[in-house]
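Shown next: start21.cif, containing mmCIF, N, CA and C atoms.
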```cif
data_upload
loop_
_atom_site.label_atom_id
_atom_site.label_comp_id
_atom_site.auth_asym_id
_atom_site.auth_seq_id
_atom_site.Cartn_x
_atom_site.Cartn_y
_atom_site.Cartn_z
N MET A 998 -30.74 0.89 16.76
CA MET A 998 -29.68 1.85 16.52
C MET A 998 -28.54 1.17 15.77
N GLN A 999 -28.12 1.77 14.67
CA GLN A 999 -27.01 1.23 13.90
C GLN A 999 -25.70 1.89 14.34
N LEU A 1000 -24.72 1.05 14.64
CA LEU A 1000 -23.42 1.57 15.06
C LEU A 1000 -22.63 2.09 13.88
N LYS A 1001 -21.88 3.14 14.10
CA LYS A 1001 -21.02 3.67 13.04
C LYS A 1001 -19.65 3.02 13.16
N HIS A 1002 -19.03 2.80 12.03
CA HIS A 1002 -17.72 2.18 11.98
C HIS A 1002 -16.63 3.23 11.82
N GLN A 1003 -15.45 2.92 12.32
CA GLN A 1003 -14.27 3.75 12.08
C GLN A 1003 -13.94 3.64 10.59
N GLU A 1004 -13.89 4.75 9.88
CA GLU A 1004 -13.59 4.72 8.45
C GLU A 1004 -12.20 5.20 8.13
N ALA A 1005 -11.65 6.06 8.99
CA ALA A 1005 -10.30 6.57 8.76
C ALA A 1005 -9.70 7.05 10.08
N LEU A 1006 -8.40 6.92 10.18
CA LEU A 1006 -7.66 7.38 11.35
C LEU A 1006 -6.38 8.04 10.85
N THR A 1007 -6.18 9.29 11.23
CA THR A 1007 -4.97 10.01 10.81
C THR A 1007 -4.00 10.08 11.98
N THR A 1008 -2.75 9.75 11.71
CA THR A 1008 -1.70 9.77 12.72
C THR A 1008 -0.63 10.76 12.29
N TRP A 1009 -0.21 11.62 13.21
CA TRP A 1009 0.85 12.58 12.93
C TRP A 1009 2.09 12.21 13.72
N ARG A 1010 3.25 12.41 13.12
CA ARG A 1010 4.51 12.15 13.80
C ARG A 1010 5.44 13.34 13.57
N ASP A 1011 6.20 13.65 14.59
CA ASP A 1011 7.21 14.70 14.46
C ASP A 1011 8.39 14.29 15.34
N ASP A 1012 9.47 13.88 14.71
CA ASP A 1012 10.65 13.42 15.45
C ASP A 1012 11.35 14.55 16.20
N GLU A 1013 11.09 15.79 15.81
CA GLU A 1013 11.80 16.93 16.38
C GLU A 1013 11.12 17.50 17.62
N GLN A 1014 9.84 17.25 17.79
CA GLN A 1014 9.13 17.86 18.91
C GLN A 1014 7.98 16.98 19.37
N VAL A 1015 7.47 17.29 20.53
CA VAL A 1015 6.28 16.61 21.05
C VAL A 1015 5.07 17.41 20.57
N ILE A 1016 4.11 16.72 19.97
CA ILE A 1016 2.89 17.40 19.53
C ILE A 1016 1.99 17.53 20.76
N SER A 1017 1.83 18.76 21.24
CA SER A 1017 1.08 18.98 22.48
C SER A 1017 -0.26 19.68 22.25
N THR A 1018 -0.58 19.99 21.00
CA THR A 1018 -1.87 20.61 20.70
C THR A 1018 -2.66 19.67 19.78
N ASP A 1019 -3.93 19.98 19.62
CA ASP A 1019 -4.79 19.18 18.75
C ASP A 1019 -4.23 19.22 17.33
N PRO A 1020 -3.84 18.08 16.76
CA PRO A 1020 -3.18 18.08 15.45
C PRO A 1020 -4.14 18.15 14.27
N ARG A 1021 -5.45 18.19 14.50
CA ARG A 1021 -6.38 18.17 13.37
C ARG A 1021 -6.19 19.31 12.39
N GLY A 1022 -5.63 20.43 12.85
CA GLY A 1022 -5.39 21.55 11.95
C GLY A 1022 -4.10 21.43 11.17
N MET A 1023 -3.29 20.43 11.51
CA MET A 1023 -2.01 20.23 10.83
C MET A 1023 -2.23 19.59 9.47
N SER A 1024 -1.36 19.90 8.53
CA SER A 1024 -1.45 19.26 7.22
C SER A 1024 -0.68 17.94 7.27
N GLY A 1025 -0.93 17.11 6.28
CA GLY A 1025 -0.24 15.83 6.21
C GLY A 1025 -0.84 14.81 7.15
N GLY A 1026 -0.01 13.96 7.64
CA GLY A 1026 -0.47 12.88 8.50
C GLY A 1026 -0.63 11.59 7.70
N ASP A 1027 -0.54 10.48 8.39
CA ASP A 1027 -0.70 9.16 7.77
C ASP A 1027 -2.12 8.69 8.03
N VAL A 1028 -2.81 8.27 6.96
CA VAL A 1028 -4.21 7.86 7.08
C VAL A 1028 -4.33 6.35 6.92
N THR A 1029 -4.90 5.71 7.92
CA THR A 1029 -5.29 4.30 7.82
C THR A 1029 -6.79 4.31 7.58
N SER A 1030 -7.25 3.50 6.60
CA SER A 1030 -8.67 3.52 6.27
C SER A 1030 -9.28 2.12 6.34
N TRP A 1031 -10.58 2.08 6.61
CA TRP A 1031 -11.35 0.85 6.68
C TRP A 1031 -12.52 0.94 5.73
N GLU A 1032 -12.86 -0.19 5.11
CA GLU A 1032 -14.06 -0.28 4.27
C GLU A 1032 -14.92 -1.41 4.81
N TYR A 1033 -16.24 -1.23 4.74
CA TYR A 1033 -17.18 -2.19 5.30
C TYR A 1033 -18.21 -2.61 4.27
N ASN A 1034 -18.73 -3.82 4.43
CA ASN A 1034 -19.82 -4.30 3.60
C ASN A 1034 -21.10 -3.61 4.07
N ASP A 1035 -21.82 -2.97 3.15
CA ASP A 1035 -23.02 -2.22 3.52
C ASP A 1035 -24.09 -3.11 4.14
N ALA A 1036 -24.26 -4.31 3.59
CA ALA A 1036 -25.33 -5.18 4.07
C ALA A 1036 -25.00 -5.83 5.41
N SER A 1037 -23.79 -6.37 5.54
CA SER A 1037 -23.45 -7.11 6.76
C SER A 1037 -22.80 -6.25 7.84
N GLY A 1038 -22.21 -5.13 7.42
CA GLY A 1038 -21.49 -4.28 8.37
C GLY A 1038 -20.10 -4.80 8.70
N MET A 1039 -19.73 -5.94 8.11
CA MET A 1039 -18.42 -6.53 8.39
C MET A 1039 -17.31 -5.77 7.68
N GLU A 1040 -16.14 -5.76 8.31
CA GLU A 1040 -14.98 -5.11 7.71
C GLU A 1040 -14.60 -5.86 6.44
N VAL A 1041 -14.42 -5.10 5.36
CA VAL A 1041 -14.05 -5.69 4.08
C VAL A 1041 -12.56 -5.51 3.84
N LYS A 1042 -12.02 -4.33 4.19
CA LYS A 1042 -10.61 -4.08 3.93
C LYS A 1042 -10.08 -3.02 4.87
N LYS A 1043 -8.82 -3.20 5.30
CA LYS A 1043 -8.10 -2.21 6.10
C LYS A 1043 -6.83 -1.88 5.33
N THR A 1044 -6.62 -0.60 5.05
CA THR A 1044 -5.46 -0.17 4.27
C THR A 1044 -4.65 0.84 5.08
N TYR A 1045 -3.35 0.57 5.21
CA TYR A 1045 -2.46 1.46 5.94
C TYR A 1045 -2.02 2.62 5.04
N ALA A 1046 -1.47 3.66 5.64
CA ALA A 1046 -1.06 4.86 4.92
C ALA A 1046 -0.07 4.57 3.81
N ASP A 1047 0.77 3.56 3.99
CA ASP A 1047 1.77 3.24 2.96
C ASP A 1047 1.21 2.33 1.88
N GLY A 1048 -0.08 2.06 1.91
CA GLY A 1048 -0.72 1.26 0.87
C GLY A 1048 -0.82 -0.23 1.19
N ARG A 1049 -0.19 -0.67 2.28
CA ARG A 1049 -0.29 -2.09 2.65
C ARG A 1049 -1.72 -2.41 3.07
N ILE A 1050 -2.18 -3.60 2.69
CA ILE A 1050 -3.51 -4.06 3.07
C ILE A 1050 -3.35 -5.10 4.16
N ASP A 1051 -4.08 -4.92 5.26
CA ASP A 1051 -4.03 -5.86 6.38
C ASP A 1051 -4.87 -7.09 6.08
N SER A 1052 -6.10 -6.87 5.64
CA SER A 1052 -6.98 -7.97 5.30
C SER A 1052 -8.05 -7.47 4.33
N ALA A 1053 -8.60 -8.40 3.59
CA ALA A 1053 -9.68 -8.07 2.66
C ALA A 1053 -10.66 -9.23 2.69
N SER A 1054 -11.94 -8.91 2.67
CA SER A 1054 -12.98 -9.94 2.73
C SER A 1054 -13.99 -9.73 1.63
N PHE A 1055 -14.68 -10.80 1.29
CA PHE A 1055 -15.80 -10.70 0.37
C PHE A 1055 -16.82 -11.76 0.76
N ARG A 1056 -18.04 -11.59 0.29
CA ARG A 1056 -19.11 -12.54 0.59
C ARG A 1056 -19.35 -13.39 -0.64
N HIS A 1057 -19.43 -14.72 -0.42
CA HIS A 1057 -19.73 -15.64 -1.51
C HIS A 1057 -20.59 -16.76 -0.97
N GLY A 1058 -21.74 -17.00 -1.57
CA GLY A 1058 -22.62 -18.07 -1.12
C GLY A 1058 -23.10 -17.88 0.31
N GLY A 1059 -23.24 -16.65 0.74
CA GLY A 1059 -23.72 -16.35 2.08
C GLY A 1059 -22.66 -16.39 3.17
N ALA A 1060 -21.44 -16.74 2.79
CA ALA A 1060 -20.36 -16.83 3.79
C ALA A 1060 -19.31 -15.76 3.53
N GLU A 1061 -18.75 -15.26 4.62
CA GLU A 1061 -17.69 -14.26 4.52
C GLU A 1061 -16.37 -14.98 4.22
N ARG A 1062 -15.64 -14.52 3.24
CA ARG A 1062 -14.34 -15.09 2.87
C ARG A 1062 -13.28 -14.03 3.14
N LYS A 1063 -12.26 -14.38 3.92
CA LYS A 1063 -11.28 -13.38 4.34
C LYS A 1063 -9.86 -13.78 3.94
N PHE A 1064 -9.13 -12.83 3.39
CA PHE A 1064 -7.72 -12.97 3.07
C PHE A 1064 -6.95 -12.12 4.07
N THR A 1065 -5.86 -12.64 4.62
CA THR A 1065 -5.04 -11.88 5.56
C THR A 1065 -3.62 -11.80 5.02
N TYR A 1066 -3.08 -10.59 4.99
CA TYR A 1066 -1.76 -10.33 4.42
C TYR A 1066 -0.73 -10.11 5.52
N GLY A 1067 0.47 -10.65 5.34
CA GLY A 1067 1.57 -10.41 6.27
C GLY A 1067 2.76 -9.87 5.48
N TYR A 1068 3.41 -8.87 6.02
CA TYR A 1068 4.50 -8.20 5.32
C TYR A 1068 5.83 -8.42 6.02
N LEU A 1069 6.90 -8.41 5.24
CA LEU A 1069 8.25 -8.49 5.79
C LEU A 1069 8.45 -7.26 6.65
N ALA A 1070 8.96 -7.44 7.86
CA ALA A 1070 9.11 -6.34 8.81
C ALA A 1070 9.80 -5.14 8.19
N GLY A 1071 9.22 -3.97 8.36
CA GLY A 1071 9.81 -2.73 7.89
C GLY A 1071 9.75 -2.53 6.39
N SER A 1072 8.89 -3.28 5.69
CA SER A 1072 8.83 -3.14 4.24
C SER A 1072 7.40 -3.31 3.74
N ASN A 1073 7.23 -3.13 2.44
CA ASN A 1073 5.95 -3.38 1.79
C ASN A 1073 5.97 -4.71 1.04
N LEU A 1074 6.96 -5.56 1.32
CA LEU A 1074 7.09 -6.84 0.63
C LEU A 1074 6.16 -7.87 1.26
N LEU A 1075 5.31 -8.47 0.45
CA LEU A 1075 4.37 -9.46 0.93
C LEU A 1075 5.12 -10.72 1.35
N GLN A 1076 4.91 -11.15 2.60
CA GLN A 1076 5.59 -12.34 3.10
C GLN A 1076 4.64 -13.52 3.21
N SER A 1077 3.36 -13.25 3.52
CA SER A 1077 2.41 -14.35 3.62
C SER A 1077 1.02 -13.87 3.23
N LEU A 1078 0.24 -14.81 2.72
CA LEU A 1078 -1.15 -14.54 2.37
C LEU A 1078 -1.96 -15.75 2.82
N ALA A 1079 -2.80 -15.55 3.84
CA ALA A 1079 -3.68 -16.61 4.33
C ALA A 1079 -5.01 -16.48 3.60
N MET A 1080 -5.44 -17.57 2.96
CA MET A 1080 -6.64 -17.56 2.14
C MET A 1080 -7.80 -18.25 2.86
N PRO A 1081 -9.03 -17.99 2.41
CA PRO A 1081 -10.19 -18.56 3.10
C PRO A 1081 -10.25 -20.09 3.07
N ASN A 1082 -9.58 -20.73 2.12
CA ASN A 1082 -9.61 -22.19 2.04
C ASN A 1082 -8.55 -22.83 2.94
N LYS A 1083 -8.00 -22.05 3.86
CA LYS A 1083 -6.99 -22.48 4.84
C LYS A 1083 -5.64 -22.82 4.22
N VAL A 1084 -5.39 -22.28 3.05
CA VAL A 1084 -4.09 -22.41 2.40
C VAL A 1084 -3.35 -21.10 2.61
N THR A 1085 -2.07 -21.20 2.97
CA THR A 1085 -1.24 -20.01 3.17
C THR A 1085 -0.09 -20.01 2.18
N LEU A 1086 0.06 -18.91 1.48
CA LEU A 1086 1.19 -18.70 0.58
C LEU A 1086 2.27 -17.98 1.39
N THR A 1087 3.46 -18.53 1.39
CA THR A 1087 4.59 -17.90 2.08
C THR A 1087 5.66 -17.58 1.05
N GLN A 1088 6.16 -16.37 1.09
CA GLN A 1088 7.21 -15.94 0.16
C GLN A 1088 8.49 -15.67 0.94
N THR A 1089 9.62 -16.03 0.35
CA THR A 1089 10.92 -15.81 0.97
C THR A 1089 11.64 -14.73 0.18
N TRP A 1090 12.27 -13.82 0.90
CA TRP A 1090 12.96 -12.68 0.28
C TRP A 1090 14.41 -12.64 0.74
N GLU A 1091 15.26 -12.21 -0.16
CA GLU A 1091 16.64 -11.88 0.18
C GLU A 1091 16.66 -10.38 0.38
N GLU A 1092 16.67 -9.97 1.64
CA GLU A 1092 16.47 -8.56 1.97
C GLU A 1092 17.53 -7.62 1.39
N LYS A 1093 18.80 -8.04 1.42
CA LYS A 1093 19.87 -7.14 0.98
C LYS A 1093 19.69 -6.70 -0.47
N ARG A 1094 19.18 -7.62 -1.30
CA ARG A 1094 19.02 -7.29 -2.72
C ARG A 1094 17.55 -7.10 -3.09
N ASP A 1095 16.65 -7.14 -2.11
CA ASP A 1095 15.22 -6.98 -2.38
C ASP A 1095 14.78 -7.98 -3.45
N LEU A 1096 15.20 -9.22 -3.28
CA LEU A 1096 15.02 -10.25 -4.29
C LEU A 1096 14.04 -11.32 -3.81
N HIS A 1097 13.04 -11.61 -4.62
CA HIS A 1097 12.09 -12.67 -4.31
C HIS A 1097 12.74 -14.00 -4.62
N ARG A 1098 12.79 -14.89 -3.62
CA ARG A 1098 13.53 -16.14 -3.79
C ARG A 1098 12.64 -17.36 -4.01
N ARG A 1099 11.52 -17.45 -3.28
CA ARG A 1099 10.78 -18.70 -3.31
C ARG A 1099 9.35 -18.48 -2.82
N ASP A 1100 8.44 -19.30 -3.34
CA ASP A 1100 7.06 -19.35 -2.87
C ASP A 1100 6.80 -20.73 -2.29
N ALA A 1101 5.97 -20.81 -1.29
CA ALA A 1101 5.57 -22.10 -0.74
C ALA A 1101 4.11 -22.03 -0.35
N LEU A 1102 3.37 -23.09 -0.64
CA LEU A 1102 1.97 -23.19 -0.24
C LEU A 1102 1.83 -24.21 0.88
N HIS A 1103 1.08 -23.86 1.91
CA HIS A 1103 0.87 -24.74 3.06
C HIS A 1103 -0.63 -24.86 3.30
N ALA A 1104 -1.10 -26.09 3.44
CA ALA A 1104 -2.52 -26.33 3.72
C ALA A 1104 -2.67 -26.68 5.20
N ALA A 1105 -3.64 -26.06 5.84
CA ALA A 1105 -3.89 -26.35 7.25
C ALA A 1105 -4.48 -27.74 7.37
N GLN A 1106 -4.13 -28.44 8.42
CA GLN A 1106 -4.64 -29.81 8.65
C GLN A 1106 -5.96 -29.77 9.36
#
```
So that I can check it, write out the structure of this file as structure tokens.
Amino acid sequence: MQLKHQEALTTWRDDEQVISTDPRGMSGGDVTSWEYNDASGMEVKKTYADGRIDSASFRHGGAERKFTYGYLAGSNLLQSLAMPNKVTLTQTWEEKRDLHRRDALHAAQ
């Protein structure tokens, strides 16, 4: 038996009221989606409703290679990117002016 994967999840929010009925008939909503490798079944990418990507993977030479993204809290600004070779790119931002200040690469020991 092959297991099915979660491909999409819709979330509804209403600051004015409590949603007390099944929201599937409501329009709108925020959709988080997942993509999977057909052959391995492994998660390839998770994308949030605002377009941010949580992680992305690919297969090379029989091994799964995964990139993990970290964002500045409350924004779509990329703060870190962990790569499969154990190197992490860290970016520094000046939040008040939405200004990219610096990049740094760190290799895991």
Contact residues around Ser1030 of chain A with only C-alpha atoms at 10 Å, ignoring same-chain residues under 5 positions, as an MDAnalysis selection string: chainID A and resid 1003:1007 1042:1046 1048 1050
As a PyMOL selection string, please: the residues near segment 1059-1061 of chain A (cut-off 8 Å, only N, CA and C atoms, same-chain neighbours under 4 positions excluded). chain A and resi 1054-1055+1081
With 5 Å on each side, where is the centre of the axis-aligned box around all listed atoms of segment 1062-1067 of chain A, and how long are its edges in Å to one decimal, as lines of an AutoDock Vina configuration file?
```
center_x = -6.4
center_y = -12.5
center_z = 4.6
size_x = 28.4
size_y = 15.2
size_z = 13.4
```
Could you give me, as a VMD selection string, each residue of chain A that DSSP assigns to strand (DSSP E) when run on this structure's backbone? chain A and resid 1005 to 1008 1027 to 1033 1040 to 1044 1050 to 1057 1060 to 1068 1075 to 1079 1084 to 1091 1096 to 1104
Could you state which residues are captured by the PyMOL selection byres ((chain A and resi 1104) around 6) in this file, as a list in words? Lys1083, Val1084, Thr1085, Leu1102, His1103, Ala1105 and Gln1106 of chain A
What separation in Å, quoted to one decimal, exists between atom N of Asn1034 of chain A and atom CA of Tyr1066 of chain A?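 About the pair atom N of Asn1034 of chain A and atom CA of Tyr1066 of chain A: they are 18.2 Å apart.
The spacing separating atom CA of Ala1101 of chain A from atom N of Thr1087 of chain A amounts to 4.7 Å.
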Gap from atom N of Trp1090 of chain A to atom C of Leu1078 of chain A - Å, one decimal: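 If I compute the distance from atom N of Trp1090 of chain A to atom C of Leu1078 of chain A, I get 14.5 Å.
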Which residues in chain A does DSSP call helix (DSSP H, G or I)? List them as a ChimeraX atom specification. /A:1020-1022,1092-1094
How would you write, as an MDAnalysis selection string, the residues chosen by the PyMOL selection byres (((chain A and resi 1075 and name CA) around 10) and name CA) on this structure? chainID A and resid 1049:1050 1066:1070 1072:1074 1076:1078 1086:1090 1097
Taking all atoms listed in the file into account, which of A:Asp1019, A:Trp1009, A:Leu1096, A:Asn1082 comes nearest Lys1063 of chain A?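 Among A:Asp1019, A:Trp1009, A:Leu1096, A:Asn1082, it is A:Asn1082 that comes nearest to Lys1063 of chain A.
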Nearest to Ala1079 of chain A by atom-to-atom distance, counting only C-alpha atoms, from A:Asp1011, A:Arg1098, A:His1057, A:Ser1052: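 Smallest separation from Ala1079 of chain A among the options: A:Ser1052.
Closest approach to Ala1053 of chain A from the set A:Val1028, A:Val1015, A:Met1023, A:Met1080 is made by A:Met1080, with distances taken over only C-alpha atoms.
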